[in-house]
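Source file: input_23.csv (CSV, C-alpha atoms)
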```
chain,number,residue,atom,x,y,z
A,282,MET,CA,107.8,123.9,125.4
A,283,ASP,CA,104.1,123.2,125.2
A,284,VAL,CA,103.2,121.0,122.1
A,285,ASN,CA,101.0,123.7,120.6
A,286,ASP,CA,103.7,126.3,120.9
A,287,LYS,CA,106.2,123.9,119.4
A,288,ILE,CA,104.0,123.3,116.4
A,289,VAL,CA,103.4,127.1,115.8
A,290,ALA,CA,107.2,127.8,116.3
A,291,ASP,CA,108.0,125.2,113.6
A,292,LEU,CA,105.4,126.7,111.3
A,293,VAL,CA,106.9,130.2,111.8
A,294,LYS,CA,110.4,128.8,111.4
A,295,ASN,CA,109.4,127.3,108.0
A,296,LYS,CA,107.8,130.6,106.9
A,297,VAL,CA,104.3,129.3,106.9
A,298,GLU,CA,102.3,132.6,107.0
A,299,PHE,CA,98.8,131.6,105.9
A,300,ILE,CA,96.8,129.0,107.8
A,301,THR,CA,93.2,128.0,107.4
A,302,THR,CA,91.5,125.9,110.0
A,303,VAL,CA,88.3,123.9,110.5
A,304,PRO,CA,88.0,123.2,114.2
A,305,CYS,CA,88.2,119.9,116.2
A,306,LYS,CA,88.2,119.5,119.9
A,307,GLN,CA,91.7,118.1,119.8
A,308,LEU,CA,93.0,121.0,117.8
A,309,ALA,CA,91.5,123.8,119.9
A,310,GLY,CA,94.8,124.6,121.6
A,311,VAL,CA,96.9,124.7,118.4
A,312,ILE,CA,94.2,126.8,116.6
A,313,ASP,CA,94.3,129.3,119.5
A,314,ALA,CA,98.1,129.4,119.2
A,315,VAL,CA,97.9,130.0,115.5
A,316,GLU,CA,95.4,132.8,116.0
A,317,ALA,CA,97.6,134.4,118.6
A,318,SER,CA,100.8,134.3,116.5
A,319,PRO,CA,101.7,137.7,115.0
A,320,ASP,CA,103.6,135.9,112.2
A,321,ILE,CA,100.6,134.0,110.8
A,322,PHE,CA,97.5,135.1,109.0
A,323,HIS,CA,94.7,132.8,110.3
A,324,ILE,CA,91.6,132.4,108.2
A,325,PRO,CA,89.0,130.0,109.4
A,326,SER,CA,87.1,128.2,106.6
A,327,ASN,CA,83.7,126.7,106.5
A,328,LYS,CA,84.6,123.5,104.8
A,329,GLU,CA,88.0,122.0,104.1
A,330,ASP,CA,87.9,122.0,100.3
A,331,GLU,CA,87.2,125.8,100.5
A,332,GLY,CA,90.2,126.0,102.8
A,333,MET,CA,92.4,124.2,100.3
A,334,GLY,CA,91.3,126.7,97.6
A,335,LEU,CA,92.3,129.6,99.9
A,336,CYS,CA,95.7,127.8,100.4
A,337,ALA,CA,96.2,127.4,96.7
A,338,GLY,CA,95.6,131.1,96.2
A,339,ALA,CA,98.0,132.0,99.0
A,340,PHE,CA,100.7,129.8,97.6
A,341,MET,CA,100.4,131.5,94.2
A,342,GLY,CA,100.6,134.8,96.0
A,343,GLY,CA,103.9,133.9,97.5
A,344,LYS,CA,102.8,132.8,101.0
A,345,ARG,CA,103.4,129.3,102.3
A,346,PRO,CA,100.1,127.9,103.4
A,347,ALA,CA,98.9,125.1,105.8
A,348,ILE,CA,95.6,123.6,106.7
A,349,ILE,CA,94.5,122.3,110.1
A,350,MET,CA,91.5,120.0,110.1
A,351,GLN,CA,90.0,116.7,111.2
A,352,ASN,CA,90.5,113.4,109.4
A,353,THR,CA,86.8,113.3,108.4
A,354,ALA,CA,87.9,116.1,106.0
A,355,ILE,CA,89.7,113.5,103.9
A,356,GLY,CA,86.3,112.4,102.8
A,357,VAL,CA,85.4,115.9,101.8
A,358,THR,CA,88.6,116.9,100.0
A,359,ILE,CA,89.7,114.0,97.8
A,360,ASN,CA,88.6,115.8,94.6
A,361,THR,CA,90.3,119.1,95.6
A,362,LEU,CA,93.5,117.2,96.6
A,363,ALA,CA,93.6,115.4,93.2
A,364,THR,CA,92.5,118.2,90.8
A,365,LEU,CA,93.9,121.3,92.5
A,366,THR,CA,96.7,120.6,95.0
A,367,GLN,CA,98.3,117.6,93.3
A,368,TYR,CA,97.4,118.4,89.7
A,369,TYR,CA,98.9,121.9,89.8
A,370,ARG,CA,101.8,120.6,92.1
A,371,MET,CA,101.3,122.7,95.1
A,372,PRO,CA,102.7,122.1,98.7
A,373,LEU,CA,100.2,121.8,101.5
A,374,PRO,CA,101.0,120.6,105.0
A,375,MET,CA,97.9,119.1,106.5
A,376,LEU,CA,97.9,119.0,110.3
A,377,ILE,CA,95.1,116.5,110.9
A,378,SER,CA,93.4,115.4,114.2
A,379,TYR,CA,93.1,111.6,113.8
A,380,ARG,CA,89.8,111.0,115.5
A,381,GLY,CA,88.5,107.5,116.0
A,382,GLU,CA,91.7,106.1,117.3
A,383,LEU,CA,92.5,104.7,120.8
A,384,ARG,CA,90.8,106.6,123.6
A,385,GLU,CA,88.1,107.9,121.2
A,386,PRO,CA,84.7,108.3,123.0
A,387,VAL,CA,82.5,108.8,119.9
A,388,ALA,CA,81.8,105.6,118.0
A,389,CYS,CA,81.0,107.3,114.7
A,390,GLN,CA,84.5,108.8,114.5
A,391,VAL,CA,85.9,105.3,114.1
A,392,GLU,CA,83.9,104.9,110.8
A,393,MET,CA,86.2,107.5,109.1
A,394,ALA,CA,89.3,106.5,111.0
A,395,VAL,CA,89.3,103.1,109.4
A,396,HIS,CA,89.4,104.7,106.0
A,397,THR,CA,91.8,107.5,106.7
A,398,LYS,CA,95.2,105.9,106.0
A,399,ALA,CA,93.8,103.8,103.1
A,400,LEU,CA,92.5,107.0,101.4
A,401,LEU,CA,95.8,108.9,102.0
A,402,ASN,CA,97.7,105.9,100.7
A,403,GLN,CA,95.5,105.6,97.6
A,404,MET,CA,96.1,109.3,96.9
A,405,ASN,CA,99.9,108.8,97.2
A,406,ILE,CA,100.0,111.4,100.0
A,407,PRO,CA,103.1,111.2,102.3
A,408,THR,CA,101.6,110.4,105.7
A,409,TYR,CA,103.1,110.7,109.2
A,410,HIS,CA,101.4,109.6,112.4
A,411,PHE,CA,102.1,111.4,115.7
A,412,HIS,CA,101.2,109.0,118.5
A,413,LYS,CA,103.5,110.1,121.3
A,414,GLU,CA,104.1,113.7,122.3
A,415,SER,CA,107.8,113.3,121.4
A,416,ASP,CA,106.8,112.6,117.8
A,417,VAL,CA,106.3,116.4,117.4
A,418,GLU,CA,110.1,116.6,117.1
A,419,GLU,CA,109.7,115.5,113.4
A,420,PHE,CA,107.3,118.3,112.6
A,421,ASP,CA,110.0,120.7,111.5
A,422,ALA,CA,111.5,118.1,109.1
A,423,ILE,CA,108.1,117.3,107.7
A,424,LEU,CA,107.4,120.9,106.9
A,425,GLN,CA,110.8,121.2,105.1
A,426,TYR,CA,110.0,118.1,103.2
A,427,THR,CA,106.6,119.4,102.1
A,428,PHE,CA,107.9,122.6,100.6
A,429,MET,CA,110.9,120.7,99.1
A,430,CYS,CA,108.6,118.3,97.1
A,431,ASN,CA,105.6,120.6,96.5
A,432,LYS,CA,103.0,118.0,97.6
A,433,PRO,CA,100.2,117.8,100.1
A,434,VAL,CA,101.5,116.0,103.1
A,435,ALA,CA,99.4,114.6,106.0
A,436,ILE,CA,100.4,114.7,109.7
A,437,LEU,CA,97.9,112.5,111.6
A,438,THR,CA,97.7,113.4,115.3
A,439,ASP,CA,95.8,111.0,117.5
A,440,ALA,CA,94.3,111.3,120.9
A,441,SER,CA,97.3,109.8,122.6
A,442,PHE,CA,99.5,112.5,121.1
A,443,TRP,CA,97.2,115.2,122.4
A,444,GLY,CA,97.0,113.6,125.8
A,445,GLY,CA,93.6,111.9,125.5
A,446,TYR,CA,90.2,113.4,126.1
A,447,GLY,CA,90.6,113.9,129.9
A,448,ASP,CA,88.3,112.0,132.4
A,449,GLN,CA,85.7,109.9,130.8
B,845,MET,CA,74.3,138.5,76.1
B,846,ILE,CA,75.8,135.1,76.9
B,847,ARG,CA,78.9,134.7,79.0
B,848,SER,CA,81.3,134.4,76.1
B,849,GLU,CA,80.1,137.7,74.7
B,850,ILE,CA,80.6,139.3,78.1
B,851,LEU,CA,84.1,137.9,78.4
B,852,ARG,CA,85.0,139.2,74.9
B,853,GLU,CA,83.8,142.6,75.8
B,854,ILE,CA,85.7,142.9,79.1
B,855,ALA,CA,88.9,141.2,77.9
B,856,PRO,CA,90.7,144.5,77.6
B,857,ILE,CA,89.9,145.2,81.2
B,858,LEU,CA,90.8,141.8,82.5
B,859,ARG,CA,94.1,141.8,80.6
B,860,ASP,CA,95.8,144.1,83.1
B,861,GLN,CA,94.6,142.2,86.2
B,862,LEU,CA,95.2,138.9,87.9
B,863,VAL,CA,92.3,136.7,87.0
B,864,VAL,CA,91.2,133.3,88.5
B,865,CYS,CA,88.8,131.8,86.1
B,866,ASN,CA,86.1,129.2,86.8
B,867,ILE,CA,86.3,125.6,85.7
B,868,GLY,CA,84.9,124.4,82.3
B,869,LEU,CA,83.6,126.7,79.6
B,870,PRO,CA,84.5,130.0,81.3
B,871,SER,CA,88.2,129.1,81.4
B,872,GLN,CA,88.0,127.7,77.9
B,873,GLU,CA,86.4,130.9,76.6
B,874,LEU,CA,88.8,133.2,78.3
B,875,HIS,CA,91.7,131.1,77.0
B,876,LEU,CA,90.4,131.3,73.5
B,877,ILE,CA,89.5,135.0,73.6
B,878,ASP,CA,92.6,136.4,75.3
B,879,ASP,CA,95.1,134.0,76.8
B,880,GLN,CA,97.4,135.9,79.2
B,881,PRO,CA,100.0,134.8,81.8
B,882,THR,CA,97.9,136.7,84.3
B,883,ASN,CA,95.0,134.2,83.9
B,884,PHE,CA,94.8,131.2,86.2
B,885,TYR,CA,92.6,128.6,84.5
B,886,MET,CA,90.9,126.1,86.6
B,887,LEU,CA,90.9,122.7,84.9
B,888,GLY,CA,89.0,121.0,87.7
B,889,THR,CA,87.6,121.5,91.2
B,890,MET,CA,84.1,123.0,90.8
B,891,GLY,CA,83.4,125.8,93.2
B,892,LEU,CA,86.8,127.0,94.3
B,893,SER,CA,87.4,130.0,92.0
B,894,SER,CA,86.3,132.5,94.7
B,895,SER,CA,88.4,130.8,97.4
B,896,ILE,CA,91.6,130.7,95.3
B,897,GLY,CA,91.1,134.3,94.3
B,898,LEU,CA,90.5,135.4,97.9
B,899,GLY,CA,93.6,133.5,99.1
B,900,LEU,CA,95.6,135.2,96.4
B,901,ALA,CA,94.3,138.7,97.1
B,902,LEU,CA,95.0,138.3,100.8
B,903,SER,CA,98.6,137.3,100.1
B,904,GLN,CA,99.8,140.0,97.7
B,905,PRO,CA,98.8,143.6,96.8
B,906,LYS,CA,97.7,143.3,93.1
B,907,THR,CA,94.1,143.4,92.2
B,908,VAL,CA,92.5,139.9,91.8
B,909,ILE,CA,89.3,139.2,89.9
B,910,SER,CA,87.7,135.8,90.4
B,911,ILE,CA,85.4,135.0,87.6
B,912,ASP,CA,82.7,132.6,89.0
B,913,GLY,CA,79.3,131.3,88.0
B,914,ASP,CA,76.0,131.1,89.9
B,915,GLY,CA,76.3,127.3,89.9
B,916,SER,CA,79.8,127.2,91.3
B,917,VAL,CA,79.0,129.7,94.0
B,918,LEU,CA,76.0,127.5,95.0
B,919,THR,CA,78.5,124.6,95.1
B,920,ASN,CA,80.7,126.5,97.6
B,921,MET,CA,78.3,128.7,99.3
B,922,GLY,CA,80.5,128.8,102.4
B,923,THR,CA,82.8,131.0,100.5
B,924,LEU,CA,80.6,134.1,101.0
B,925,PRO,CA,80.9,134.4,104.8
B,926,THR,CA,84.6,133.8,104.5
B,927,ILE,CA,84.9,136.6,101.9
B,928,ALA,CA,82.7,138.9,104.0
B,929,ASN,CA,84.7,138.4,107.2
B,930,ASN,CA,88.2,138.6,105.6
B,931,VAL,CA,88.1,141.9,103.6
B,932,ALA,CA,90.7,142.2,100.9
B,933,ASP,CA,90.2,145.5,99.1
B,934,ASN,CA,92.2,144.2,96.1
B,935,TYR,CA,89.6,141.5,95.5
B,936,ILE,CA,86.6,141.4,93.1
B,937,LEU,CA,84.3,138.4,92.9
B,938,MET,CA,82.4,138.6,89.6
B,939,ILE,CA,79.6,136.1,89.5
B,940,ILE,CA,78.3,135.6,86.0
B,941,ASP,CA,74.7,134.6,86.8
B,942,ASN,CA,73.1,133.0,83.8
B,943,GLY,CA,70.8,130.8,85.9
B,944,SER,CA,72.3,127.6,84.5
B,945,TYR,CA,75.1,125.0,84.8
B,946,GLY,CA,76.5,125.9,81.4
B,947,SER,CA,79.4,123.5,81.1
B,948,THR,CA,77.2,120.5,81.8
B,949,GLY,CA,74.3,121.2,79.4
B,950,ASP,CA,72.5,124.3,80.8
B,951,GLN,CA,70.6,122.5,83.5
B,952,PRO,CA,68.8,125.2,85.6
B,953,THR,CA,70.4,126.4,88.9
B,954,TYR,CA,68.4,127.5,91.9
B,955,ALA,CA,69.9,131.0,91.3
B,956,GLY,CA,67.8,131.1,88.2
B,957,LYS,CA,64.7,130.3,90.2
B,958,LYS,CA,64.0,131.7,93.7
B,959,THR,CA,67.5,132.1,95.1
B,960,LYS,CA,69.1,135.5,94.8
B,961,LEU,CA,72.9,135.3,95.2
B,962,GLU,CA,73.2,139.1,95.7
B,963,LYS,CA,70.9,138.8,98.8
B,964,VAL,CA,72.8,135.8,100.0
B,965,ALA,CA,76.1,137.8,99.7
B,966,GLU,CA,74.6,140.7,101.6
B,967,ALA,CA,73.2,138.4,104.3
B,968,CYS,CA,76.7,136.9,104.7
B,969,GLY,CA,78.1,140.3,105.4
B,970,CYS,CA,79.6,141.4,102.1
B,971,GLU,CA,79.5,145.2,102.0
B,972,ASN,CA,79.8,146.1,98.3
B,973,VAL,CA,77.4,143.9,96.4
B,974,VAL,CA,76.5,145.3,92.9
B,975,VAL,CA,74.0,143.7,90.5
B,976,CYS,CA,74.4,144.6,86.8
B,977,GLN,CA,73.0,143.7,83.5
B,978,ASP,CA,75.2,142.0,80.9
B,979,VAL,CA,75.7,145.1,78.8
B,980,ASP,CA,77.0,147.1,81.8
B,981,THR,CA,79.6,144.5,82.9
B,982,GLY,CA,82.6,146.5,81.6
B,983,LYS,CA,81.8,149.8,83.3
B,984,THR,CA,80.7,148.0,86.5
B,985,LEU,CA,83.9,146.0,86.6
B,986,GLN,CA,86.1,149.1,85.9
B,987,ALA,CA,84.3,151.0,88.6
B,988,ALA,CA,84.9,148.2,91.1
B,989,ILE,CA,88.6,148.1,90.2
B,990,ASP,CA,88.9,151.9,90.6
B,991,SER,CA,87.1,151.9,93.9
B,992,LYS,CA,89.8,149.8,95.5
B,993,GLN,CA,87.2,148.3,97.7
B,994,MET,CA,86.3,144.6,97.9
B,995,THR,CA,83.3,144.2,95.6
B,996,ILE,CA,80.9,141.3,94.7
B,997,ILE,CA,79.4,141.8,91.2
B,998,VAL,CA,76.5,139.7,90.1
B,999,VAL,CA,76.2,139.9,86.4
B,1000,LYS,CA,72.7,138.9,85.1
B,1001,CYS,CA,72.9,137.5,81.6
B,1002,ASP,CA,71.5,134.8,79.2
B,1003,SER,CA,72.5,131.2,79.4
B,1004,GLY,CA,74.1,129.8,76.3
B,1005,ASN,CA,77.4,128.4,75.1
B,1006,ILE,CA,79.7,128.4,72.1
B,1007,LYS,CA,81.6,125.4,70.8
B,1008,LEU,CA,85.3,125.5,71.6
B,1009,PRO,CA,88.2,123.3,72.5
B,1010,VAL,CA,89.3,122.2,75.9
B,1011,ILE,CA,92.5,123.7,77.4
B,1012,THR,CA,95.4,121.3,76.8
B,1013,MET,CA,98.1,123.4,78.6
B,1014,ASP,CA,99.7,121.5,81.4
B,1015,PRO,CA,98.4,122.6,84.8
B,1016,VAL,CA,101.9,123.1,86.2
B,1017,VAL,CA,102.7,125.4,83.2
B,1018,ILE,CA,99.5,127.4,83.9
B,1019,ARG,CA,100.5,127.7,87.5
B,1020,ASP,CA,104.1,128.5,87.0
B,1021,ARG,CA,103.4,131.1,84.3
B,1022,PHE,CA,100.7,132.7,86.6
B,1023,MET,CA,103.0,132.8,89.6
B,1024,LYS,CA,105.7,134.5,87.6
B,1025,ALA,CA,103.1,137.1,86.4
B,1026,VAL,CA,102.0,137.6,90.1
B,1027,ALA,CA,105.5,138.1,91.2
B,1028,SER,CA,106.6,140.4,88.4
```

This entry written out as C-alpha cells:
Amino acid sequence: MDVNDKIVADLVKNKVEFITTVPCKQLAGVIDAVEASPDIFHIPSNKEDEGMGLCAGAFMGGKRPAIIMQNTAIGVTINTLATLTQYYRMPLPMLISYRGELREPVACQVEMAVHTKALLNQMNIPTYHFHKESDVEEFDAILQYTFMCNKPVAILTDASFWGGYGDQ
Amino acid sequence: MIRSEILREIAPILRDQLVVCNIGLPSQELHLIDDQPTNFYMLGTMGLSSSIGLGLALSQPKTVISIDGDGSVLTNMGTLPTIANNVADNYILMIIDNGSYGSTGDQPTYAGKKTKLEKVAEACGCENVVVCQDVDTGKTLQAAIDSKQMTIIVVKCDSGNIKLPVITMDPVVIRDRFMKAVAS
C-alpha cells in the first residue's frame, strides 16, 4: 500500500474524522489522500494555532481530530499546545513534516530543524521520528496511544521517509 | 453599555446554548453572571475562541455561540476565511467590539480606529454579517439563533471593565463538564 494511503487508512481505523492541515511540499500526497477520504472532514487552516483551536472544538464535539503541519509550526504553536491542548488535557496527533533534515535543499529549514526535538522535549510531548518508509507501521499504535493518554503527540516525518525531494 | 452589562442582559439567551467564551475578563464575567455547564471558559490562548467554536459547530448539531472580542479576532484574523469557507449553520460568532484590549488595561485596538471587522468578515466571504449596537444585542442574537444560518455579529459597545475574580475551576473540570453538556 502507498504510504499516504496507509496513513489515511490508519487514521480512519482509529476513527479520526476531523483533520486540519497547513501544507508542506512533503505532505502534499497525504493531504490529497485526506481530502479524498469520504470518512474524514478536511478543513485547511491558515495558521497552525488556529488549526489546534479547530481540533479542540472538534474533540469537545465528539470527533477525534488530527493536525498535519510542518515542523516550523512548533515555533508557532507552543502557547496553544501548553494553554489549550495540554492544559485542558486533549488528544492531538500531530503528523509533522520534519524539514531541515538529511537531503534538505533549503538552508533556512535547518534553522528550525535544530530546535524541533528540543522544543518537543521541553514540552514533554511524546515524539516519534519516521525515517524509513517501514516506520509507518507504527502509526496505528501511535494513534491508539494518543487517544489513550489524551495528549498531543508528535510524529516527525523526514525527507528520507517521504523518499527525498527527487532530482536535485 | 460595556461588555459585562451586555453579558448580563443576554445571559438568559446564552443559557440554553453552547457557548465558547473568550480568554480573560469575558470568561470571568460570564462565569460570575451565569455559570453553566454549557459554557466553555478559555483560561489562556488568546484568539482561538472563534476557532474552537467553529470546530465544535462542525462536529455536532447543537447551536454554538463563540463570544469573541475585536482584539482577539485581530490576533487570529485567519479565522475569518476559514469560517467563511466552512459554513456551519449552527454557528454564531459574536464579536464584542469595544475598540480596546479590555483584559490588559484598555489599550486601543485597530478595530477602534480605522479597521472595520464587519468589512473584513465580508471581504473574507462571510455571508451573514450583522452589526448592532449594544442595546440591541439580545434581539440580534436571538434572531441569529432562530435564522439557523451561520452569522457573524459585531456588537459595538463602550470599553470598560468591572472588578471581578479570576476563574479557579480546573481546566479539565471545565472541559469535562462542557463535553457532558454537549453530549447530553

Long-range neighbours of Val975 of chain B as an MDAnalysis selection string, 12 Å cut-off, all atoms listed in the file, 3 positions minimum in chain: chainID B and resid 937:941 960:963 965:966 972 978:981 984:985 988 995:1001

Residues of chain B within 10 Å of chain A, counting only C-alpha atoms, as an MDAnalysis selection string: chainID B and resid 864 884 886:906 920:927 929:930 1014:1020 1022:1027

Given only C-alpha atoms as the counted atoms, nearest of A:Cys430, A:Ile377, A:Leu308, A:Val395 to Tyr409 of chain A: A:Ile377

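Between atom CA of Ile321 of chain A and atom CA of Pro374 of chain A lies a distance of 14.6 Å.
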
Selection near Val289 of chain A, 7 Å with only C-alpha atoms, sequence-local residues under 4 positions removed, as a ChimeraX atom specification: /A:285,293,314-315

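Closest approach to Ile406 of chain A from the set A:Pro372, A:Pro386, A:Gly381, A:Pro433 is made by A:Pro433, with distances taken over all atoms listed in the file.
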
Contacts of Asp439 of chain A at 9 Å (only C-alpha atoms; same-chain gap of 2+ positions) as an MDAnalysis selection string: chainID A and resid 307 377:383 410:413 437 441:445

I need the residues from that last selection saved to file as a PDB file, in the coordinates of the input (with C-alpha atoms), if you can.
```
ATOM      1  CA  GLN A 307      91.700 118.100 119.800  1.00  0.00           C
ATOM      2  CA  ILE A 377      95.100 116.500 110.900  1.00  0.00           C
ATOM      3  CA  SER A 378      93.400 115.400 114.200  1.00  0.00           C
ATOM      4  CA  TYR A 379      93.100 111.600 113.800  1.00  0.00           C
ATOM      5  CA  ARG A 380      89.800 111.000 115.500  1.00  0.00           C
ATOM      6  CA  GLY A 381      88.500 107.500 116.000  1.00  0.00           C
ATOM      7  CA  GLU A 382      91.700 106.100 117.300  1.00  0.00           C
ATOM      8  CA  LEU A 383      92.500 104.700 120.800  1.00  0.00           C
ATOM      9  CA  HIS A 410     101.400 109.600 112.400  1.00  0.00           C
ATOM     10  CA  PHE A 411     102.100 111.400 115.700  1.00  0.00           C
ATOM     11  CA  HIS A 412     101.200 109.000 118.500  1.00  0.00           C
ATOM     12  CA  LYS A 413     103.500 110.100 121.300  1.00  0.00           C
ATOM     13  CA  LEU A 437      97.900 112.500 111.600  1.00  0.00           C
ATOM     14  CA  SER A 441      97.300 109.800 122.600  1.00  0.00           C
ATOM     15  CA  PHE A 442      99.500 112.500 121.100  1.00  0.00           C
ATOM     16  CA  TRP A 443      97.200 115.200 122.400  1.00  0.00           C
ATOM     17  CA  GLY A 444      97.000 113.600 125.800  1.00  0.00           C
ATOM     18  CA  GLY A 445      93.600 111.900 125.500  1.00  0.00           C
TER      19      GLY A 445
END
```

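For the atom pair formed by atom CA of Cys389 of chain A and atom CA of Asp313 of chain A, the distance is 26.2 Å, given to one decimal.
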
Separation of atom CA of Met350 of chain A from atom CA of Gly310 of chain A, in Å and rounded to one decimal: 12.8 Å
